[in-house]
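Data block for model.cif (mmCIF, C-alpha atoms):
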```cif
data_final
loop_
_atom_site.label_atom_id
_atom_site.label_comp_id
_atom_site.auth_asym_id
_atom_site.auth_seq_id
_atom_site.Cartn_x
_atom_site.Cartn_y
_atom_site.Cartn_z
CA MET A 153 -14.73 -49.29 24.38
CA VAL A 154 -12.83 -52.47 25.17
CA THR A 155 -9.12 -51.87 25.22
CA TYR A 156 -6.54 -54.31 24.02
CA PRO A 157 -4.35 -54.66 27.10
CA ARG A 158 -7.13 -56.38 28.99
CA ALA A 159 -7.30 -59.09 26.42
CA ASP A 160 -3.93 -60.19 27.81
CA ALA A 161 -5.30 -60.43 31.30
CA LEU A 162 -6.45 -64.02 31.19
CA GLY A 163 -3.20 -65.16 29.69
CA ALA A 164 -1.33 -63.23 32.34
CA VAL A 165 -3.22 -64.88 35.17
CA GLY A 166 -2.94 -68.32 33.58
CA ASP A 167 0.47 -68.73 35.18
CA PRO A 168 0.51 -70.07 38.77
CA THR A 169 3.40 -67.86 39.83
CA ARG A 170 1.69 -64.79 38.53
CA ARG A 171 -1.46 -65.79 40.35
CA ALA A 172 0.60 -66.09 43.53
CA ILE A 173 1.96 -62.61 42.94
CA LEU A 174 -1.53 -61.25 42.42
CA ALA A 175 -2.64 -62.96 45.62
CA CYS A 176 0.20 -61.29 47.54
CA LEU A 177 -0.67 -57.92 46.09
CA ALA A 178 -4.34 -58.45 46.89
CA GLU A 179 -3.32 -58.41 50.56
CA ARG A 180 -1.39 -55.19 50.25
CA PRO A 181 0.95 -53.34 47.88
CA ARG A 182 4.51 -54.66 47.94
CA ALA A 183 7.95 -53.94 46.57
CA VAL A 184 9.71 -56.42 44.28
CA GLY A 185 12.04 -57.49 47.06
CA GLU A 186 9.17 -58.28 49.38
CA LEU A 187 7.53 -60.41 46.75
CA ALA A 188 10.78 -62.26 46.12
CA ASN A 189 11.08 -62.95 49.85
CA GLU A 190 7.63 -64.44 50.04
CA LEU A 191 7.70 -66.49 46.89
CA PRO A 192 10.05 -69.29 45.90
CA ILE A 193 11.42 -67.39 42.94
CA SER A 194 14.26 -65.00 42.34
CA ARG A 195 13.96 -61.28 42.26
CA PRO A 196 14.62 -61.05 38.50
CA ALA A 197 11.91 -63.66 37.96
CA VAL A 198 9.50 -61.62 40.05
CA SER A 199 10.36 -58.56 37.97
CA GLN A 200 9.75 -60.49 34.80
CA HIS A 201 6.31 -61.64 35.96
CA LEU A 202 5.45 -58.16 37.13
CA LYS A 203 6.28 -56.87 33.68
CA VAL A 204 3.73 -59.27 32.19
CA LEU A 205 1.11 -58.37 34.78
CA LYS A 206 1.71 -54.70 34.19
CA ALA A 207 1.41 -55.11 30.42
CA ALA A 208 -1.94 -56.79 31.03
CA ASP A 209 -3.00 -53.84 33.17
CA LEU A 210 -3.46 -56.04 36.21
CA VAL A 211 -0.90 -54.29 38.40
CA SER A 212 0.44 -50.78 38.57
CA ASP A 213 3.55 -49.45 40.21
CA ARG A 214 4.80 -46.26 41.71
CA ALA A 215 8.17 -45.06 42.89
CA ALA A 216 8.79 -44.90 46.64
CA GLY A 217 12.30 -43.63 47.11
CA THR A 218 14.56 -46.10 45.36
CA ARG A 219 11.98 -48.86 45.35
CA ARG A 220 8.98 -49.49 43.18
CA ILE A 221 5.80 -50.46 44.95
CA TYR A 222 3.43 -52.70 43.06
CA ARG A 223 -0.27 -52.96 43.70
CA LEU A 224 -3.29 -54.44 42.05
CA ASN A 225 -4.39 -52.09 39.38
CA PRO A 226 -7.70 -50.37 39.83
CA ILE A 227 -8.44 -52.13 36.57
CA GLY A 228 -10.80 -54.13 38.74
CA VAL A 229 -12.44 -50.82 39.38
CA SER A 230 -12.27 -50.01 35.69
CA ALA A 231 -13.93 -53.28 34.78
CA LEU A 232 -16.72 -52.51 37.20
CA ARG A 233 -16.91 -48.99 35.88
CA ASP A 234 -17.32 -50.36 32.36
CA GLN A 235 -20.14 -52.57 33.55
CA LEU A 236 -21.87 -49.66 35.22
CA GLU A 237 -21.34 -47.48 32.19
CA MET A 238 -23.08 -50.08 30.07
CA PHE A 239 -25.87 -50.36 32.61
CA TRP A 240 -26.47 -46.61 32.80
CA SER A 241 -26.18 -45.91 29.09
CA ARG A 242 -28.85 -48.51 28.43
CA ALA A 243 -30.96 -47.31 31.34
CA LEU A 244 -30.80 -43.68 30.21
CA ALA A 245 -31.62 -44.57 26.61
CA GLY A 246 -34.65 -46.45 27.91
CA TYR A 247 -35.48 -43.56 30.18
CA LYS A 248 -35.50 -41.13 27.26
CA ASP A 249 -37.95 -43.37 25.41
CA VAL A 250 -40.25 -43.57 28.39
CA VAL A 251 -40.11 -39.90 29.32
CA GLU A 252 -40.77 -38.75 25.78
CA GLN A 253 -43.80 -40.94 25.25
CA PRO A 254 -46.62 -38.49 24.65
CA THR A 255 -49.19 -40.47 26.59
CA LYS A 256 -49.30 -43.34 29.04
CA GLU A 257 -49.61 -45.93 26.32
CA ARG A 258 -47.07 -48.71 26.71
CA SER A 259 -46.15 -51.40 24.31
CA MET B 192 -5.46 -42.57 34.57
CA THR B 193 -5.80 -41.85 38.23
CA GLU B 194 -7.75 -43.98 40.66
CA THR B 195 -10.13 -41.14 41.20
CA ALA B 196 -10.95 -40.91 37.53
CA ALA B 197 -11.52 -44.63 37.35
CA ALA B 198 -13.83 -44.50 40.34
CA VAL B 199 -16.32 -42.09 38.82
CA MET B 200 -18.63 -42.60 35.89
CA ARG B 201 -20.59 -39.72 34.43
CA SER B 202 -23.31 -39.76 31.89
CA GLN B 203 -25.95 -37.37 30.73
CA ILE B 204 -28.93 -37.24 28.48
CA VAL B 205 -31.28 -34.52 27.29
CA VAL B 206 -34.97 -35.31 27.12
CA GLU B 207 -37.85 -33.42 25.63
CA ALA B 208 -39.87 -33.06 28.80
CA PRO B 209 -40.39 -30.51 31.55
CA ILE B 210 -38.20 -30.99 34.61
CA GLU B 211 -41.06 -32.17 36.81
CA ARG B 212 -41.94 -34.93 34.39
CA ALA B 213 -38.30 -35.84 33.85
CA PHE B 214 -37.88 -36.27 37.58
CA SER B 215 -41.09 -38.17 38.20
CA VAL B 216 -40.54 -40.59 35.34
CA PHE B 217 -37.05 -41.34 36.57
CA THR B 218 -38.15 -42.08 40.10
CA GLU B 219 -41.58 -43.59 39.49
CA ARG B 220 -40.91 -45.69 36.43
CA PHE B 221 -37.38 -46.85 37.02
CA GLY B 222 -38.44 -50.43 36.44
CA ASP B 223 -39.66 -49.52 32.96
CA PHE B 224 -36.27 -48.58 31.65
CA LYS B 225 -33.82 -50.49 33.79
CA PRO B 226 -31.98 -53.01 31.59
CA PRO B 227 -33.94 -56.19 32.30
CA GLU B 228 -31.02 -58.60 32.40
CA HIS B 229 -29.67 -56.87 35.48
CA ASN B 230 -31.81 -58.80 37.87
CA LEU B 231 -30.64 -59.92 41.27
CA LEU B 232 -33.76 -61.91 41.96
CA GLY B 233 -34.19 -65.57 41.24
CA ALA B 234 -37.51 -64.94 39.53
CA ALA B 235 -38.76 -62.49 36.94
CA ILE B 236 -39.21 -58.92 38.14
CA ALA B 237 -42.80 -57.81 38.61
CA GLU B 238 -41.87 -54.24 39.40
CA THR B 239 -39.15 -51.93 40.61
CA VAL B 240 -40.20 -49.68 43.47
CA PHE B 241 -38.49 -46.37 44.18
CA GLU B 242 -39.57 -45.16 47.61
CA PRO B 243 -39.71 -41.37 47.24
CA ARG B 244 -38.10 -40.31 50.49
CA VAL B 245 -34.73 -40.16 52.24
CA GLY B 246 -34.27 -43.44 54.05
CA GLY B 247 -36.40 -45.27 51.53
CA HIS B 248 -35.14 -48.00 49.27
CA ILE B 249 -35.17 -48.90 45.64
CA TYR B 250 -36.15 -52.51 45.36
CA ASP B 251 -37.19 -55.08 42.83
CA ARG B 252 -40.17 -57.27 43.54
CA ALA B 253 -40.34 -60.60 41.78
CA VAL B 254 -43.44 -62.27 40.45
CA ASP B 255 -43.11 -64.81 43.28
CA GLY B 256 -43.30 -61.99 45.85
CA SER B 257 -39.65 -61.97 46.86
CA GLU B 258 -37.93 -58.61 47.14
CA CYS B 259 -34.45 -57.33 46.62
CA ARG B 260 -33.46 -53.98 48.09
CA TRP B 261 -30.50 -52.80 46.12
CA ALA B 262 -30.34 -49.08 46.91
CA ARG B 263 -30.90 -46.68 49.80
CA VAL B 264 -32.30 -43.26 48.99
CA LEU B 265 -29.88 -40.71 50.45
CA VAL B 266 -31.18 -37.46 48.98
CA PHE B 267 -34.60 -36.81 47.53
CA GLU B 268 -35.15 -33.27 46.27
CA PRO B 269 -37.79 -33.20 43.55
CA PRO B 270 -37.52 -32.11 40.84
CA HIS B 271 -33.80 -31.36 40.96
CA ARG B 272 -31.79 -34.08 42.57
CA VAL B 273 -31.80 -37.60 43.88
CA VAL B 274 -28.92 -39.57 45.38
CA PHE B 275 -28.98 -43.23 46.20
CA SER B 276 -26.51 -45.85 47.28
CA TRP B 277 -25.56 -48.70 44.99
CA ASP B 278 -25.66 -51.76 47.19
CA ILE B 279 -24.67 -54.15 44.45
CA THR B 280 -21.34 -55.93 44.36
CA PRO B 281 -19.22 -56.41 41.24
CA GLN B 282 -20.60 -59.96 41.25
CA TRP B 283 -24.04 -58.43 40.96
CA GLN B 284 -25.11 -59.53 44.41
CA ILE B 285 -26.48 -57.45 47.25
CA GLU B 286 -23.72 -55.69 49.21
CA THR B 287 -24.62 -55.60 52.88
CA GLU B 288 -21.61 -53.61 54.07
CA PRO B 289 -22.33 -49.89 53.48
CA ASP B 290 -18.62 -49.07 53.37
CA ASN B 291 -18.34 -51.19 50.25
CA THR B 292 -21.09 -49.46 48.35
CA SER B 293 -20.92 -46.72 45.75
CA GLU B 294 -23.25 -43.84 45.17
CA VAL B 295 -25.36 -42.50 42.34
CA GLU B 296 -26.33 -38.85 42.05
CA VAL B 297 -28.84 -37.77 39.46
CA ARG B 298 -29.38 -34.07 38.77
CA PHE B 299 -32.10 -32.60 36.64
CA VAL B 300 -31.46 -29.26 34.95
CA ALA B 301 -34.14 -27.39 33.02
CA GLU B 302 -32.64 -26.27 29.70
CA THR B 303 -35.95 -24.85 28.56
CA PRO B 304 -39.47 -25.21 29.98
CA GLY B 305 -39.90 -28.31 27.82
CA ARG B 306 -36.41 -29.73 27.82
CA THR B 307 -34.43 -31.24 30.68
CA ARG B 308 -30.86 -32.39 30.98
CA LEU B 309 -30.26 -35.34 33.27
CA GLU B 310 -26.74 -35.59 34.67
CA LEU B 311 -25.84 -38.85 36.29
CA GLU B 312 -22.74 -39.47 38.35
CA HIS B 313 -21.92 -42.90 39.72
CA ARG B 314 -19.07 -42.32 42.14
CA ASN B 315 -16.92 -44.06 44.74
CA ILE B 316 -16.88 -47.10 42.54
CA ASP B 317 -13.57 -48.07 44.11
CA ARG B 318 -15.36 -48.72 47.39
CA HIS B 319 -16.43 -51.99 45.84
CA GLY B 320 -12.71 -52.70 45.58
CA PRO B 321 -12.56 -55.24 48.41
CA GLY B 322 -13.97 -57.57 45.80
CA TRP B 323 -10.35 -57.97 44.89
CA GLN B 324 -9.84 -59.69 48.21
CA ALA B 325 -11.71 -62.58 46.67
CA LEU B 326 -8.76 -62.94 44.36
CA ALA B 327 -6.55 -64.06 47.24
CA ASP B 328 -9.20 -66.54 48.35
CA GLY B 329 -9.83 -67.72 44.84
CA VAL B 330 -6.20 -68.45 44.21
CA ALA B 331 -5.92 -70.42 47.40
CA GLY B 332 -9.14 -72.34 46.97
CA GLU B 333 -10.19 -75.05 44.60
CA GLY B 334 -13.19 -73.14 43.33
CA GLY B 335 -11.37 -71.73 40.35
CA TRP B 336 -11.48 -68.10 39.52
CA PRO B 337 -13.50 -65.77 41.67
CA LEU B 338 -16.58 -64.32 40.14
CA TYR B 339 -14.93 -60.99 39.93
CA LEU B 340 -12.48 -62.14 37.34
CA THR B 341 -15.09 -64.19 35.55
CA ARG B 342 -17.11 -61.06 35.17
CA PHE B 343 -14.01 -59.20 34.20
CA ALA B 344 -13.22 -61.75 31.53
CA ALA B 345 -16.74 -61.59 30.18
CA LEU B 346 -16.13 -57.96 29.36
CA PHE B 347 -13.74 -58.78 26.61
CA ASN B 348 -14.90 -62.28 25.66
CA GLU B 349 -17.52 -60.65 23.52
CA VAL B 350 -14.95 -59.09 21.25
CA SER B 351 -12.15 -61.62 21.23
#
```
Kindly present the structure from the file in structure tokens form.
Amino acid sequence: MVTYPRADALGAVGDPTRRAILACLAERPRAVGELANELPISRPAVSQHLKVLKAADLVSDRAAGTRRIYRLNPIGVSALRDQLEMFWSRALAGYKDVVEQPTKERS
Amino acid sequence: MTETAAAVMRSQIVVEAPIERAFSVFTERFGDFKPPEHNLLGAAIAETVFEPRVGGHIYDRAVDGSECRWARVLVFEPPHRVVFSWDITPQWQIETEPDNTSEVEVRFVAETPGRTRLELEHRNIDRHGPGWQALADGVAGEGGWPLYLTRFAALFNEVS
């Protein structure tokens, strides 16, 4: 159930520049050039960091004309989804036990 | 993997019980099968109350009398369907902004007179997304990583 890419996530966010990139993307999706303008690093450096963040599933990108727009990956959503999945699978298993008890007796 | 797919969680289970019983156990005894560690209260839970009407709440009551309302009942159609909001943030705190809450629909389908299929859909999970905003704050602040990422990390700490 746990996928490997996420295991890279903490390493990916361990770098201050990458955290700054994530913070920028948390405000709104941005193109590489925009990120390079806002951060004290070169465009190739931004691209390099984005590659790491993307490999860790923390950001995703899409083409917009000739540019690529980066945004925080809904992995945050996926992480929450995983939590909820765990919650509901346990709840429903417990529910089945309760509903199939022949009488009201409870342990 | 689209955003939409990530924002919906579906689960189902078949139980050996008539639909009426399947429905009533789900709504009346929720506290008996809810995983106990998911507790938003400071104290131990005495009971979970599911108010059986639209506009009602699902809430936990602690042994010390405090209450925590973590869901609003949006649809209540015994014995077929119930829908409630999920007013719990990714940090497992009460979400007070309705726009940031997700939704749970539970449908009961009679497979036979004595067997019922429960279909659960937890949707609009991405509405909790503004939790990511905490990332910007967390990076700027001294408080270390926001809870969101701590929780996120905990998901794979178990296996690594």
| task | Counting all atoms listed in the file, figure out which residue out of A:Ala188, A:Leu236, A:Ala172, A:Ala208 gets nearest to Ser293 (chain B). | result |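 With all atoms listed in the file as the atom set, the closest residue is A:Leu236.
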| query | Near Pro254 (chain A), counting only C-alpha atoms, which residues have an atom at most 10 Å away, once you skip same-chain residues fewer than 4 positions from it, shown as a ChimeraX atom specification? | reply | /A:249-250 /B:208
Can you spit out the residues from that selection as an mmCIF file, keeping the file's coordinate frame, using C-alpha atoms?
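Printed below is part_6.cif as written:
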```cif
data_model
loop_
_atom_site.group_PDB
_atom_site.id
_atom_site.type_symbol
_atom_site.label_atom_id
_atom_site.label_comp_id
_atom_site.auth_asym_id
_atom_site.auth_seq_id
_atom_site.Cartn_x
_atom_site.Cartn_y
_atom_site.Cartn_z
ATOM 1 C CA ASP A 249 -37.950 -43.370 25.410
ATOM 2 C CA VAL A 250 -40.250 -43.570 28.390
ATOM 3 C CA ALA B 208 -39.870 -33.060 28.800
#
```
| message | Evaluated on this file, the PyMOL selection byres ((chain A and resi 185) around 12) picks out some residues - which ones are they, written as a VMD selection string? | response | chain A and resid 181 to 184 186 to 191 193 to 199 202 218 to 222
| Applied to the shown file, which residues does the PyMOL selection byres ((chain B and resi 252-266) around 7) return, written as a PyMOL selection string? | chain B and resi 232+234-239+244-251+267-268+273-279+285
| Coordinates-based distance that separates CA of Phe239 (chain A) from CA of Glu207 (chain B) (Å, one decimal) | 21.9 Å
| said: Need to verify the contact set: His313 (chain B), 6 Å, all atoms listed in the file, exclusion of same-chain residues closer than 5 positions in sequence. Can you return it as a list in words? | reply: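 Within the cut-off, the hits are Val199, Met200, Glu294 and Val295 of chain B.
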| query | Quick one: of B:Pro226, B:Glu296, B:Ala301, B:Phe217, who's nearest to Ser241 (chain A), counting all atoms listed in the file? | reply | B:Pro226
| said: Running the PyMOL selection byres ((chain B and resi 303) around 12) on this model by hand, what would come out? Give it as a list in words. | reply: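 Selected by the PyMOL selection byres ((chain B and resi 303) around 12) in this file: Val205, Val206, Glu207, Ala208, Pro209, Ile210, Phe299, Val300, Ala301, Glu302, Pro304, Gly305, Arg306, Thr307 and Arg308 of chain B.
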How would region 235-259 of chain A look with N, CA and C atoms restored, written as a PDB file, in the coordinates of the input?
```pdb
ATOM      1  N   GLN A 235     -18.839 -51.910  33.372  1.00  0.00           N
ATOM      2  CA  GLN A 235     -20.140 -52.570  33.550  1.00  0.00           C
ATOM      3  C   GLN A 235     -21.219 -51.549  33.874  1.00  0.00           C
ATOM      4  N   LEU A 236     -20.881 -50.654  34.796  1.00  0.00           N
ATOM      5  CA  LEU A 236     -21.870 -49.660  35.220  1.00  0.00           C
ATOM      6  C   LEU A 236     -22.175 -48.689  34.094  1.00  0.00           C
ATOM      7  N   GLU A 237     -21.135 -48.378  33.319  1.00  0.00           N
ATOM      8  CA  GLU A 237     -21.340 -47.480  32.190  1.00  0.00           C
ATOM      9  C   GLU A 237     -22.332 -48.084  31.203  1.00  0.00           C
ATOM     10  N   MET A 238     -22.167 -49.389  30.973  1.00  0.00           N
ATOM     11  CA  MET A 238     -23.080 -50.080  30.070  1.00  0.00           C
ATOM     12  C   MET A 238     -24.497 -50.066  30.654  1.00  0.00           C
ATOM     13  N   PHE A 239     -24.560 -50.346  31.943  1.00  0.00           N
ATOM     14  CA  PHE A 239     -25.870 -50.360  32.610  1.00  0.00           C
ATOM     15  C   PHE A 239     -26.555 -48.998  32.461  1.00  0.00           C
ATOM     16  N   TRP A 240     -25.832 -47.930  32.799  1.00  0.00           N
ATOM     17  CA  TRP A 240     -26.470 -46.610  32.800  1.00  0.00           C
ATOM     18  C   TRP A 240     -26.751 -46.099  31.398  1.00  0.00           C
ATOM     19  N   SER A 241     -25.892 -46.404  30.436  1.00  0.00           N
ATOM     20  CA  SER A 241     -26.180 -45.910  29.090  1.00  0.00           C
ATOM     21  C   SER A 241     -27.439 -46.568  28.554  1.00  0.00           C
ATOM     22  N   ARG A 242     -27.627 -47.833  28.872  1.00  0.00           N
ATOM     23  CA  ARG A 242     -28.850 -48.510  28.430  1.00  0.00           C
ATOM     24  C   ARG A 242     -30.055 -48.001  29.218  1.00  0.00           C
ATOM     25  N   ALA A 243     -29.849 -47.797  30.514  1.00  0.00           N
ATOM     26  CA  ALA A 243     -30.960 -47.310  31.340  1.00  0.00           C
ATOM     27  C   ALA A 243     -31.407 -45.922  30.884  1.00  0.00           C
ATOM     28  N   LEU A 244     -30.431 -45.051  30.594  1.00  0.00           N
ATOM     29  CA  LEU A 244     -30.800 -43.680  30.210  1.00  0.00           C
ATOM     30  C   LEU A 244     -31.435 -43.630  28.822  1.00  0.00           C
ATOM     31  N   ALA A 245     -30.985 -44.499  27.932  1.00  0.00           N
ATOM     32  CA  ALA A 245     -31.620 -44.570  26.610  1.00  0.00           C
ATOM     33  C   ALA A 245     -33.084 -45.011  26.784  1.00  0.00           C
ATOM     34  N   GLY A 246     -33.290 -45.996  27.635  1.00  0.00           N
ATOM     35  CA  GLY A 246     -34.650 -46.450  27.910  1.00  0.00           C
ATOM     36  C   GLY A 246     -35.478 -45.376  28.589  1.00  0.00           C
ATOM     37  N   TYR A 247     -34.818 -44.661  29.462  1.00  0.00           N
ATOM     38  CA  TYR A 247     -35.480 -43.560  30.180  1.00  0.00           C
ATOM     39  C   TYR A 247     -35.974 -42.494  29.197  1.00  0.00           C
ATOM     40  N   LYS A 248     -35.114 -42.150  28.252  1.00  0.00           N
ATOM     41  CA  LYS A 248     -35.500 -41.130  27.260  1.00  0.00           C
ATOM     42  C   LYS A 248     -36.744 -41.580  26.495  1.00  0.00           C
ATOM     43  N   ASP A 249     -36.769 -42.846  26.122  1.00  0.00           N
ATOM     44  CA  ASP A 249     -37.950 -43.370  25.410  1.00  0.00           C
ATOM     45  C   ASP A 249     -39.202 -43.218  26.258  1.00  0.00           C
ATOM     46  N   VAL A 250     -39.072 -43.595  27.520  1.00  0.00           N
ATOM     47  CA  VAL A 250     -40.250 -43.570  28.390  1.00  0.00           C
ATOM     48  C   VAL A 250     -40.705 -42.130  28.642  1.00  0.00           C
ATOM     49  N   VAL A 251     -39.754 -41.263  28.934  1.00  0.00           N
ATOM     50  CA  VAL A 251     -40.110 -39.900  29.320  1.00  0.00           C
ATOM     51  C   VAL A 251     -40.685 -39.115  28.144  1.00  0.00           C
ATOM     52  N   GLU A 252     -40.294 -39.496  26.937  1.00  0.00           N
ATOM     53  CA  GLU A 252     -40.770 -38.750  25.780  1.00  0.00           C
ATOM     54  C   GLU A 252     -42.014 -39.347  25.141  1.00  0.00           C
ATOM     55  N   GLN A 253     -42.516 -40.414  25.743  1.00  0.00           N
ATOM     56  CA  GLN A 253     -43.800 -40.940  25.250  1.00  0.00           C
ATOM     57  C   GLN A 253     -44.866 -39.892  25.513  1.00  0.00           C
ATOM     58  N   PRO A 254     -45.640 -39.564  24.486  1.00  0.00           N
ATOM     59  CA  PRO A 254     -46.620 -38.490  24.650  1.00  0.00           C
ATOM     60  C   PRO A 254     -47.723 -38.851  25.639  1.00  0.00           C
ATOM     61  N   THR A 255     -48.115 -40.093  25.683  1.00  0.00           N
ATOM     62  CA  THR A 255     -49.190 -40.470  26.590  1.00  0.00           C
ATOM     63  C   THR A 255     -48.735 -41.640  27.446  1.00  0.00           C
ATOM     64  N   LYS A 256     -49.665 -42.230  28.151  1.00  0.00           N
ATOM     65  CA  LYS A 256     -49.300 -43.340  29.040  1.00  0.00           C
ATOM     66  C   LYS A 256     -49.245 -44.674  28.318  1.00  0.00           C
ATOM     67  N   GLU A 257     -49.554 -44.643  27.024  1.00  0.00           N
ATOM     68  CA  GLU A 257     -49.610 -45.930  26.320  1.00  0.00           C
ATOM     69  C   GLU A 257     -48.250 -46.620  26.373  1.00  0.00           C
ATOM     70  N   ARG A 258     -48.297 -47.920  26.612  1.00  0.00           N
ATOM     71  CA  ARG A 258     -47.070 -48.710  26.710  1.00  0.00           C
ATOM     72  C   ARG A 258     -47.195 -49.911  25.808  1.00  0.00           C
ATOM     73  N   SER A 259     -46.096 -50.240  25.183  1.00  0.00           N
ATOM     74  CA  SER A 259     -46.150 -51.400  24.310  1.00  0.00           C
ATOM     75  C   SER A 259     -45.967 -52.661  25.121  1.00  0.00           C
TER      76      SER A 259
END
```
